[in-house]
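Containing compact mmCIF, C-alpha atoms and all ligand atoms: structure-v2.txt.
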# COMPACT_ATOMS: atom_id res chain seq x y z
CA MET A 1 -18.86 -4.69 -10.19
CA ARG A 2 -19.63 -2.78 -13.33
CA GLY A 3 -18.36 -4.31 -16.56
CA ALA A 4 -16.40 -7.09 -14.89
CA ALA A 5 -17.49 -10.55 -15.82
CA PRO A 6 -18.07 -12.81 -12.80
CA VAL A 7 -15.75 -15.39 -14.39
CA ALA A 8 -12.93 -12.84 -14.30
CA HIS A 9 -13.49 -12.50 -10.53
CA GLU A 10 -13.38 -16.27 -10.13
CA THR A 11 -10.12 -16.48 -12.09
CA LEU A 12 -8.56 -13.68 -10.06
CA ARG A 13 -9.62 -14.66 -6.56
CA PRO A 14 -7.03 -17.38 -5.83
CA LEU A 15 -4.29 -15.36 -7.54
CA VAL A 16 -5.08 -12.34 -5.39
CA PHE A 17 -5.57 -13.95 -2.01
CA VAL A 18 -3.31 -16.99 -1.86
CA PRO A 19 0.16 -15.36 -2.21
CA GLY A 20 -0.56 -12.93 0.65
CA TRP A 21 -1.91 -15.65 2.91
CA VAL A 22 1.04 -17.92 2.18
CA ALA A 23 3.38 -15.02 2.99
CA LEU A 24 1.61 -14.46 6.33
CA ALA A 25 2.12 -18.11 7.20
CA VAL A 26 5.68 -18.56 5.95
CA VAL A 27 7.57 -15.29 6.42
CA PRO A 28 7.43 -15.28 10.25
CA PHE A 29 9.39 -18.56 10.18
CA VAL A 30 11.91 -17.19 7.69
CA ALA A 31 12.26 -14.12 9.88
CA GLY A 32 12.90 -16.42 12.84
CA LEU A 33 16.06 -17.59 11.07
CA GLU A 34 17.67 -14.27 11.96
CA LEU A 35 18.09 -13.04 8.41
CA SER A 36 20.99 -10.69 7.93
CA PRO A 37 19.81 -7.08 7.73
CA VAL A 38 20.68 -6.87 4.03
CA LEU A 39 18.48 -9.87 3.18
CA GLN A 40 15.60 -8.18 4.99
CA TYR A 41 15.75 -5.42 2.40
CA VAL A 42 15.35 -7.79 -0.55
CA PRO A 43 11.52 -7.56 -0.93
CA LEU A 44 11.56 -3.75 -0.73
CA VAL A 45 14.36 -3.55 -3.29
CA ALA A 46 12.51 -6.01 -5.54
CA SER A 47 9.36 -3.86 -5.27
CA ALA A 48 11.07 -1.23 -7.42
CA LEU A 49 10.64 -3.51 -10.43
CA LEU A 50 8.11 -6.16 -9.43
CA LEU A 51 4.54 -5.43 -8.32
CA GLY A 52 5.32 -2.51 -5.96
CA LEU A 53 6.34 0.49 -8.02
CA PRO A 54 4.56 -0.87 -11.14
CA HIS A 55 1.19 -0.99 -9.33
CA GLY A 56 1.10 2.79 -9.46
CA ALA A 57 2.62 3.10 -12.91
CA VAL A 58 -0.72 2.71 -14.69
CA ASP A 59 -2.41 5.56 -12.85
CA HIS A 60 -2.34 7.56 -16.09
CA LEU A 61 -4.74 5.00 -17.63
CA ALA A 62 -6.72 3.94 -14.55
CA VAL A 63 -9.21 6.79 -14.11
CA ALA A 64 -10.38 6.82 -17.72
CA ARG A 65 -10.71 3.03 -17.75
CA THR A 66 -12.68 3.07 -14.50
CA ARG A 67 -15.09 5.49 -16.19
CA GLY A 68 -15.43 3.08 -19.09
CA ARG A 69 -13.48 5.29 -21.48
CA ARG A 70 -10.39 4.71 -23.53
CA PRO A 71 -7.58 6.84 -22.04
CA ASP A 72 -6.89 9.64 -24.54
CA LEU A 73 -4.06 12.14 -24.42
CA TRP A 74 -6.16 14.61 -22.48
CA ALA A 75 -6.99 12.07 -19.76
CA ILE A 76 -3.36 11.02 -19.50
CA GLY A 77 -2.22 14.65 -19.40
CA ARG A 78 -4.53 15.40 -16.48
CA VAL A 79 -2.97 12.61 -14.41
CA VAL A 80 0.53 13.75 -15.37
CA ALA A 81 -0.42 17.27 -14.24
CA LEU A 82 -1.78 15.88 -10.96
CA TYR A 83 1.47 14.05 -10.31
CA THR A 84 3.56 17.08 -11.20
CA VAL A 85 1.65 19.53 -9.00
CA VAL A 86 0.79 17.37 -5.97
CA GLY A 87 3.92 15.21 -6.07
CA GLY A 88 6.12 18.22 -6.81
CA ALA A 89 4.73 20.23 -3.87
CA TYR A 90 5.19 17.30 -1.52
CA ALA A 91 8.75 16.74 -2.79
CA VAL A 92 9.54 20.35 -1.91
CA ALA A 93 8.00 19.74 1.54
CA TRP A 94 10.51 16.93 2.15
CA PHE A 95 13.33 19.42 1.66
CA LEU A 96 11.72 22.11 3.84
CA ALA A 97 10.22 20.05 6.69
CA PRO A 98 11.33 16.42 6.46
CA ALA A 99 9.92 15.27 9.82
CA VAL A 100 6.47 16.65 9.01
CA ALA A 101 6.71 15.09 5.54
CA PHE A 102 7.56 11.73 7.12
CA ALA A 103 4.59 11.87 9.50
CA LEU A 104 2.32 12.75 6.56
CA PHE A 105 3.73 9.76 4.66
CA ILE A 106 2.73 7.42 7.49
CA PHE A 107 -0.82 8.82 7.68
CA VAL A 108 -1.30 8.82 3.91
CA THR A 109 -0.08 5.23 3.65
CA TRP A 110 -2.33 4.25 6.58
CA PHE A 111 -5.33 5.59 4.66
CA HIS A 112 -4.22 4.26 1.29
CA TRP A 113 -3.38 0.71 2.32
CA GLY A 114 -6.63 0.65 4.28
CA GLN A 115 -8.62 1.83 1.27
CA GLY A 116 -6.99 -0.89 -0.86
CA ASP A 117 -8.19 -3.57 1.52
CA LEU A 118 -11.65 -2.02 1.69
CA TYR A 119 -11.96 -2.45 -2.09
CA THR A 120 -10.75 -6.04 -1.87
CA LEU A 121 -13.23 -6.89 0.87
CA VAL A 122 -16.20 -5.29 -0.85
CA VAL A 123 -15.54 -6.35 -4.43
CA LEU A 124 -13.33 -9.44 -4.41
CA ALA A 125 -14.47 -11.02 -1.13
CA ASP A 126 -18.15 -9.97 -1.58
CA ALA A 127 -18.29 -8.69 2.00
CA ASP A 128 -21.84 -7.82 3.05
CA HIS A 129 -21.01 -6.94 6.65
CA LEU A 130 -19.73 -3.45 5.78
CA ARG A 131 -23.10 -1.70 5.44
CA THR A 132 -22.45 1.94 6.27
CA PRO A 133 -19.84 4.56 5.38
CA VAL A 134 -18.84 4.64 9.08
CA GLN A 135 -18.14 0.90 9.06
CA ARG A 136 -16.13 1.30 5.87
CA LEU A 137 -14.09 4.13 7.33
CA ALA A 138 -13.47 1.98 10.42
CA VAL A 139 -12.23 -0.88 8.24
CA VAL A 140 -9.86 1.52 6.50
CA VAL A 141 -8.51 2.62 9.90
CA VAL A 142 -8.12 -1.01 11.02
CA ARG A 143 -6.54 -2.35 7.82
CA GLY A 144 -4.19 0.60 7.32
CA GLY A 145 -3.14 0.47 10.96
CA LEU A 146 -1.87 -3.09 10.59
CA PRO A 147 1.19 -2.15 8.48
CA MET A 148 1.59 1.41 9.82
CA LEU A 149 0.88 1.14 13.56
CA VAL A 150 1.59 -2.46 14.61
CA PRO A 151 5.32 -2.18 13.66
CA LEU A 152 5.58 0.97 15.81
CA LEU A 153 4.18 -0.95 18.76
CA ALA A 154 6.24 -4.11 18.23
CA PHE A 155 9.52 -2.76 16.82
CA PRO A 156 9.88 0.90 17.87
CA GLU A 157 13.66 0.93 17.38
CA TRP A 158 13.42 -0.37 13.82
CA TYR A 159 10.71 2.15 13.11
CA ARG A 160 12.87 4.94 14.48
CA ARG A 161 15.86 3.77 12.44
CA VAL A 162 13.83 3.91 9.23
CA ALA A 163 12.51 7.35 10.15
CA VAL A 164 16.10 8.50 10.74
CA THR A 165 17.22 7.13 7.38
CA LEU A 166 14.43 8.88 5.47
CA VAL A 167 14.57 12.19 7.28
CA GLY A 168 18.37 11.99 7.45
CA ARG A 169 18.73 12.36 3.69
CA PHE A 170 17.53 15.94 4.24
CA ALA A 171 18.25 17.03 7.81
CA PRO A 172 19.57 14.47 10.34
CA ASP A 173 18.55 16.52 13.39
CA ALA A 174 14.96 17.02 12.31
CA VAL A 175 14.01 13.51 13.40
CA ALA A 176 13.96 14.61 17.05
CA ALA A 177 10.52 16.10 16.37
CA LEU A 178 9.17 12.55 15.95
CA SER A 179 10.44 11.19 19.27
CA PRO A 180 7.14 11.47 21.22
CA ALA A 181 5.71 8.74 18.98
CA PHE A 182 8.31 6.29 20.31
CA ARG A 183 7.61 6.88 24.02
CA PRO A 184 6.30 3.77 25.84
CA ASP A 185 3.29 5.58 27.32
CA VAL A 186 2.28 6.99 23.92
CA ARG A 187 2.67 3.57 22.30
CA LEU A 188 0.63 1.92 25.06
CA GLY A 189 -2.15 4.48 24.57
CA LEU A 190 -2.11 3.91 20.82
CA ALA A 191 -2.20 0.13 21.33
CA ILE A 192 -5.24 0.35 23.60
CA ALA A 193 -7.12 2.74 21.33
CA TYR A 194 -6.32 0.73 18.20
CA SER A 195 -7.32 -2.59 19.79
CA ALA A 196 -10.64 -1.05 20.79
CA VAL A 197 -11.26 0.06 17.19
CA VAL A 198 -10.35 -3.41 15.86
CA VAL A 199 -12.68 -5.20 18.28
CA ALA A 200 -15.54 -2.73 17.75
CA THR A 201 -15.22 -2.86 13.96
CA LEU A 202 -15.20 -6.65 13.78
CA SER A 203 -18.04 -6.94 16.32
CA VAL A 204 -20.33 -4.58 14.44
CA GLY A 205 -19.43 -6.39 11.22
CA TYR A 206 -20.29 -9.73 12.81
CA ALA A 207 -23.67 -8.44 13.93
CA ARG A 208 -24.46 -7.16 10.43
CA ALA A 209 -23.20 -10.08 8.35
CA THR A 210 -25.81 -12.18 6.60
CA ASP A 211 -23.24 -14.40 4.93
CA SER A 212 -20.60 -15.15 7.56
CA ALA A 213 -17.86 -16.37 5.18
CA PRO A 214 -16.59 -12.91 4.11
CA TRP A 215 -16.69 -11.74 7.73
CA ARG A 216 -14.61 -14.73 8.75
CA LEU A 217 -12.14 -13.92 5.98
CA ASP A 218 -11.98 -10.30 7.20
CA ALA A 219 -11.39 -11.36 10.81
CA ALA A 220 -8.81 -14.02 9.88
CA GLU A 221 -6.88 -11.59 7.68
CA THR A 222 -6.97 -8.91 10.38
CA PHE A 223 -5.59 -11.17 13.11
CA GLY A 224 -3.18 -12.82 10.68
CA LEU A 225 -1.76 -9.41 9.80
CA VAL A 226 -1.56 -8.38 13.47
CA ALA A 227 0.57 -11.47 14.13
CA PHE A 228 2.62 -10.91 10.97
CA PHE A 229 3.53 -7.31 11.79
CA ALA A 230 4.08 -8.14 15.46
CA LEU A 231 6.53 -10.95 14.62
CA VAL A 232 8.37 -9.98 11.44
CA PRO A 233 10.95 -7.15 11.55
CA PRO A 234 9.32 -4.17 9.80
CA VAL A 235 11.55 -3.66 6.76
CA LEU A 236 11.02 -7.27 5.72
CA ALA A 237 7.35 -7.26 6.71
CA ILE A 238 6.55 -4.03 4.87
CA GLY A 239 8.45 -5.17 1.77
CA VAL A 240 6.51 -8.42 1.58
CA TYR A 241 3.21 -6.74 2.34
CA PHE A 242 3.75 -3.97 -0.22
CA CYS A 243 4.36 -6.49 -3.03
CA LEU A 244 2.18 -9.47 -2.24
CA TRP A 245 -0.67 -7.75 -0.42
CA HIS A 246 -1.33 -4.15 -1.40
CA SER A 247 0.12 -4.11 -4.90
CA LEU A 248 -1.18 -7.50 -6.02
CA ARG A 249 -4.69 -6.57 -4.91
CA HIS A 250 -4.53 -3.23 -6.67
CA ILE A 251 -3.23 -4.85 -9.86
CA ALA A 252 -6.25 -7.18 -9.80
CA ARG A 253 -8.44 -4.09 -9.55
CA LEU A 254 -6.66 -2.58 -12.56
CA LEU A 255 -7.19 -5.74 -14.62
CA LEU A 256 -10.90 -5.54 -13.90
CA VAL A 257 -11.18 -2.06 -15.41
CA ASP A 258 -9.17 -3.04 -18.50
CA ASP A 259 -11.63 -4.63 -20.96
CA ALA A 260 -9.00 -6.70 -22.76
CA ALA A 261 -7.52 -8.01 -19.51
CA THR A 262 -11.00 -8.79 -18.18
CA ALA A 263 -11.80 -10.66 -21.40
CA ALA A 264 -8.61 -12.70 -21.02
CA LEU A 265 -9.50 -13.48 -17.41
CA GLY A 266 -12.97 -14.48 -18.57
CA GLU A 267 -11.31 -17.13 -20.69
CA GLY A 268 -9.18 -18.23 -17.76
CA ASP A 269 -6.04 -16.75 -19.30
CA SER A 270 -4.56 -14.91 -16.35
CA THR A 271 -1.09 -14.88 -17.94
CA ALA A 272 -2.34 -12.73 -20.83
CA ALA A 273 -4.11 -10.41 -18.38
CA PHE A 274 -1.02 -9.89 -16.22
CA ALA A 275 1.15 -9.50 -19.33
CA ARG A 276 -1.08 -6.62 -20.42
CA PHE A 277 -0.59 -5.02 -17.04
CA ALA A 278 3.19 -5.48 -17.28
CA ARG A 279 3.21 -3.80 -20.68
CA ASP A 280 1.09 -0.88 -19.46
CA ALA A 281 3.22 -0.42 -16.34
CA ALA A 282 6.70 -0.79 -17.86
CA PRO A 283 7.26 2.71 -19.32
CA LEU A 284 6.41 4.72 -16.22
CA THR A 285 8.16 2.25 -13.93
CA LEU A 286 11.35 2.98 -15.85
CA VAL A 287 10.68 6.73 -15.81
CA SER A 288 10.21 6.47 -12.02
CA LEU A 289 13.56 4.78 -11.58
CA ALA A 290 15.21 7.54 -13.61
CA LEU A 291 13.52 10.16 -11.40
CA LEU A 292 14.74 8.29 -8.31
CA ALA A 293 18.31 8.48 -9.63
CA GLY A 294 17.78 12.22 -10.18
CA LEU A 295 16.51 12.64 -6.62
CA ALA A 296 19.66 10.90 -5.33
CA LEU A 297 21.70 13.69 -6.93
CA LEU A 298 19.53 16.45 -5.44
CA VAL A 299 19.33 15.53 -1.76
CA PRO A 300 21.74 17.18 0.67
CA ASN A 301 23.09 13.79 1.87
CA PRO A 302 23.23 11.37 -1.08
CA PRO A 303 22.66 7.68 -0.21
CA GLU A 304 25.66 5.35 0.05
CA THR A 305 24.51 2.10 1.67
CA VAL A 306 21.62 -0.24 0.81
CA PRO A 307 19.50 1.03 3.74
CA GLU A 308 20.17 4.61 2.68
CA TRP A 309 19.16 3.87 -0.91
CA VAL A 310 16.02 2.18 0.35
CA GLY A 311 15.36 5.23 2.52
CA LEU A 312 15.57 7.46 -0.53
CA TYR A 313 13.41 5.04 -2.51
CA LEU A 314 10.79 5.35 0.23
CA VAL A 315 10.93 9.14 -0.01
CA PHE A 316 10.33 8.80 -3.73
CA ILE A 317 7.45 6.40 -3.06
CA ALA A 318 6.04 8.93 -0.61
CA VAL A 319 6.10 11.63 -3.26
CA VAL A 320 4.29 9.51 -5.85
CA THR A 321 1.90 8.02 -3.31
CA LEU A 322 0.14 11.32 -2.64
CA PRO A 323 -1.13 11.74 -6.24
CA HIS A 324 -1.64 7.95 -6.44
CA VAL A 325 -4.05 8.18 -3.50
CA VAL A 326 -5.99 10.88 -5.36
CA VAL A 327 -6.29 8.56 -8.38
CA VAL A 328 -7.39 5.60 -6.26
CA THR A 329 -9.87 7.74 -4.32
CA ILE A 330 -11.42 8.84 -7.63
CA MET A 331 -11.66 5.15 -8.58
CA ASP A 332 -13.30 4.45 -5.20
CA GLY A 333 -15.86 7.15 -5.94
CA GLU A 334 -16.62 5.87 -9.44
CA GLN A 335 -17.00 2.31 -8.13
CA ARG A 336 -18.98 3.39 -5.03
CA ILE A 337 -16.64 1.60 -2.66
CA TRP A 338 -17.52 3.86 0.28
CA ALA A 339 -21.29 3.97 -0.24
C1 LIG A 401 9.69 0.51 5.47
C2 LIG A 401 9.21 0.78 6.86
C3 LIG A 401 8.25 1.72 7.18
C4 LIG A 401 7.46 2.55 6.24
C5 LIG A 401 7.04 2.21 5.02
C6 LIG A 401 6.09 2.95 4.25
C7 LIG A 401 5.39 4.10 4.83
C8 LIG A 401 5.85 2.52 2.99
C9 LIG A 401 4.87 3.06 2.10
C10 LIG A 401 4.70 2.58 0.88
C11 LIG A 401 3.66 3.02 -0.02
C12 LIG A 401 2.77 4.12 0.31
C13 LIG A 401 3.49 2.37 -1.17
C14 LIG A 401 2.44 2.66 -2.15
O1 LIG A 401 1.35 2.10 -2.16
C15 LIG A 401 7.89 1.99 8.62
C16 LIG A 401 6.43 1.79 8.80
C17 LIG A 401 8.29 3.39 8.99
C18 LIG A 401 8.52 1.01 9.59
C19 LIG A 401 9.80 0.50 9.27
C20 LIG A 401 9.88 -0.05 7.90
FE FE A 402 -1.32 1.80 -3.96
Transcribe the structure of this file into structure tokens.
Ligand SMILES: CC1=C(/C=C/C(C)=C/C=C/C(C)=C/C=O)C(C)(C)CCC1
Ligand SMILES: [Fe+2]
Amino acid sequence: MRGAAPVAHETLRPLVFVPGWVALAVVPFVAGLELSPVLQYVPLVASALLLGLPHGAVDHLAVARTRGRRPDLWAIGRVVALYTVVGGAYAVAWFLAPAVAFALFIFVTWFHWGQGDLYTLVVLADADHLRTPVQRLAVVVVRGGLPMLVPLLAFPEWYRRVAVTLVGRFAPDAVAALSPAFRPDVRLGLAIAYSAVVVATLSVGYARATDSAPWRLDAAETFGLVAFFALVPPVLAIGVYFCLWHSLRHIARLLLVDDAATAALGEGDSTAAFARFARDAAPLTLVSLALLAGLALLVPNPPETVPEWVGLYLVFIAVVTLPHVVVVTIMDGEQRIWA
């Protein structure tokens, strides 16, 4: 990729891939120990300070850096305006139509977590089996469906409970509008359709791969994640995935557009590179937490328990994810991830 020294990629690769793979292998066993519900929330709560929330807290610098420019006040101001307008409108939507806002959150996350993995496959895993835009869109559907659809198929009651907690901060009765998604026949239909897309996507990829190693990595990750989300209760699974999969991969991407971090990685100094990220991300992570506290005062039913606080945190994440997806999609365009 443009501007990124190959050595930096080499330094990053194990740091990016290994934690997620270890989590896929280990967490199902931990989950088998029947963790108390509160412990299952630990990774999601931790994501407010570590990896999760911070991965989006450098959006104000990311676009300019991706274009090879130093972020000036004007560039930062544009991103702040994007967040205010798009995030603000979506926040209002949560108050007016919470069930619709929840459904949108699921679809946006599906796309966004899929697009994150597409980048990782193309740039960090050197995948050559994703030749066409249609294949790349299919990979986004497959990869995003792992965290967003598989839990609905495997743990519908958990999924419903989380939907109730999010929507319930605004209007407890509104969640009834989502009930068709939990019907067994609808879930069976979704399972069949999704499986067909997974098999077709991997098969076409296999036929087009010249180097089979990245394809094997893609297939192994896909089936590993299917098993992970089918076995691990969703709050725990999503918390782990958000930190160690999506956010870690995106942070690697951010390091590769930051010249100083890339230089540090080129010298094998990953600590210095990640420290730069932490410094860049700290201010807006703290601002985000202050905004979350403000949101808690504004909602009709303020949170009282840990699950309710996490529900509100997820609403806040939803609101900042919409502009975050715009930023990442601009990065995708600049880096020709979909071409
Ligand atoms: C917690 C949880 C859910 C939703 C989590 C979502 C949608 C998280 C999105 C996070 C984002 C977008 C982070 C930014 O990149 C589900 C699937 C309803 C199932 C039950 C557990
Ligand atoms: Fe993200």
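As for CA of Tyr241 in chain A and atom C17 of ligand LIG 401 (chain A), they are spaced 13.1 Å apart.
Compared by their closest atoms to Ala213 in chain A, and using only C-alpha atoms, the residues A:His250, A:Arg279, A:His129, A:His55 rank with A:His129 nearest.
All protein and nucleic acid residues in the vicinity of (-20.4, 4.5, 1.2), that is within 12 Å when counting all atoms listed in the file, are Leu118, Tyr119, Val122, Leu130, Arg131, Thr132, Pro133, Val134, Gln135, Arg136, Leu137, Ala138, Asp332, Gly333, Glu334, Gln335, Arg336, Ile337, Trp338 and Ala339 of chain A.
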Distance CA of Val7 in chain A-CA of Asp269 in chain A, one decimal place? 11.0 Å
Where is the centre and how long are the edges: axis-aligned box on range 268-282 of chain A, 6 Å on each side, Å to one decimal, as AutoDock Vina command-line options:
--center_x -1.2 --center_y -9.3 --center_z -18.5 --size_x 27.9 --size_y 29.8 --size_z 16.6
Please fill the gaps in range 132-164 of chain A so it has N, CA and C atoms, and write that as a short mmCIF file (atom, residue, chain, number, x, y, z; two decimals), keeping the file's coordinate frame.
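Writing the result to result39.cif gives the following:
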data_model
loop_
_atom_site.label_atom_id
_atom_site.label_comp_id
_atom_site.auth_asym_id
_atom_site.auth_seq_id
_atom_site.Cartn_x
_atom_site.Cartn_y
_atom_site.Cartn_z
N THR A 132 -22.37 0.47 6.23
CA THR A 132 -22.45 1.94 6.27
C THR A 132 -21.09 2.57 5.99
N PRO A 133 -21.11 3.85 5.58
CA PRO A 133 -19.84 4.56 5.38
C PRO A 133 -18.99 4.57 6.66
N VAL A 134 -19.62 4.63 7.84
CA VAL A 134 -18.84 4.64 9.08
C VAL A 134 -18.10 3.32 9.26
N GLN A 135 -18.81 2.22 8.98
CA GLN A 135 -18.14 0.90 9.06
C GLN A 135 -16.98 0.83 8.08
N ARG A 136 -17.19 1.38 6.89
CA ARG A 136 -16.13 1.30 5.87
C ARG A 136 -14.92 2.14 6.26
N LEU A 137 -15.20 3.31 6.84
CA LEU A 137 -14.09 4.13 7.33
C LEU A 137 -13.35 3.38 8.44
N ALA A 138 -14.10 2.72 9.31
CA ALA A 138 -13.47 1.98 10.42
C ALA A 138 -12.59 0.85 9.88
N VAL A 139 -13.05 0.18 8.82
CA VAL A 139 -12.23 -0.88 8.24
C VAL A 139 -10.95 -0.30 7.65
N VAL A 140 -11.05 0.87 7.05
CA VAL A 140 -9.86 1.52 6.50
C VAL A 140 -8.86 1.84 7.63
N VAL A 141 -9.38 2.32 8.76
CA VAL A 141 -8.51 2.62 9.90
C VAL A 141 -7.86 1.33 10.41
N VAL A 142 -8.66 0.26 10.51
CA VAL A 142 -8.12 -1.01 11.02
C VAL A 142 -7.08 -1.57 10.05
N ARG A 143 -7.44 -1.69 8.77
CA ARG A 143 -6.54 -2.35 7.82
C ARG A 143 -5.27 -1.54 7.57
N GLY A 144 -5.39 -0.22 7.52
CA GLY A 144 -4.19 0.60 7.32
C GLY A 144 -3.30 0.61 8.55
N GLY A 145 -3.91 0.47 9.73
CA GLY A 145 -3.14 0.47 10.96
C GLY A 145 -2.27 -0.77 11.12
N LEU A 146 -2.66 -1.85 10.46
CA LEU A 146 -1.87 -3.09 10.59
C LEU A 146 -0.43 -2.85 10.13
N PRO A 147 -0.21 -2.39 8.89
CA PRO A 147 1.19 -2.15 8.48
C PRO A 147 1.80 -0.87 9.05
N MET A 148 0.99 0.13 9.40
CA MET A 148 1.59 1.41 9.82
C MET A 148 1.74 1.55 11.33
N LEU A 149 0.81 0.97 12.11
CA LEU A 149 0.88 1.14 13.56
C LEU A 149 1.49 -0.06 14.28
N VAL A 150 1.10 -1.28 13.89
CA VAL A 150 1.59 -2.46 14.61
C VAL A 150 3.14 -2.50 14.66
N PRO A 151 3.85 -2.19 13.56
CA PRO A 151 5.32 -2.18 13.66
C PRO A 151 5.85 -1.15 14.67
N LEU A 152 5.14 -0.03 14.82
CA LEU A 152 5.58 0.97 15.81
C LEU A 152 5.44 0.41 17.22
N LEU A 153 4.40 -0.38 17.43
CA LEU A 153 4.18 -0.95 18.76
C LEU A 153 5.16 -2.08 19.04
N ALA A 154 5.44 -2.89 18.01
CA ALA A 154 6.24 -4.11 18.23
C ALA A 154 7.74 -3.86 18.04
N PHE A 155 8.10 -2.97 17.15
CA PHE A 155 9.52 -2.76 16.82
C PHE A 155 9.85 -1.27 16.79
N PRO A 156 9.68 -0.57 17.91
CA PRO A 156 9.88 0.90 17.87
C PRO A 156 11.28 1.30 17.40
N GLU A 157 12.30 0.51 17.75
CA GLU A 157 13.66 0.93 17.38
C GLU A 157 13.90 0.81 15.88
N TRP A 158 13.35 -0.24 15.28
CA TRP A 158 13.42 -0.37 13.82
C TRP A 158 12.71 0.79 13.15
N TYR A 159 11.54 1.09 13.68
CA TYR A 159 10.71 2.15 13.11
C TYR A 159 11.48 3.46 13.16
N ARG A 160 12.11 3.70 14.32
CA ARG A 160 12.87 4.94 14.48
C ARG A 160 14.05 4.98 13.49
N ARG A 161 14.70 3.82 13.34
CA ARG A 161 15.86 3.77 12.44
C ARG A 161 15.44 4.13 11.01
N VAL A 162 14.29 3.60 10.59
CA VAL A 162 13.83 3.91 9.23
C VAL A 162 13.47 5.40 9.12
N ALA A 163 12.84 5.92 10.15
CA ALA A 163 12.51 7.35 10.15
C ALA A 163 13.80 8.18 10.03
N VAL A 164 14.82 7.77 10.78
CA VAL A 164 16.10 8.50 10.74
C VAL A 164 16.70 8.43 9.34
#
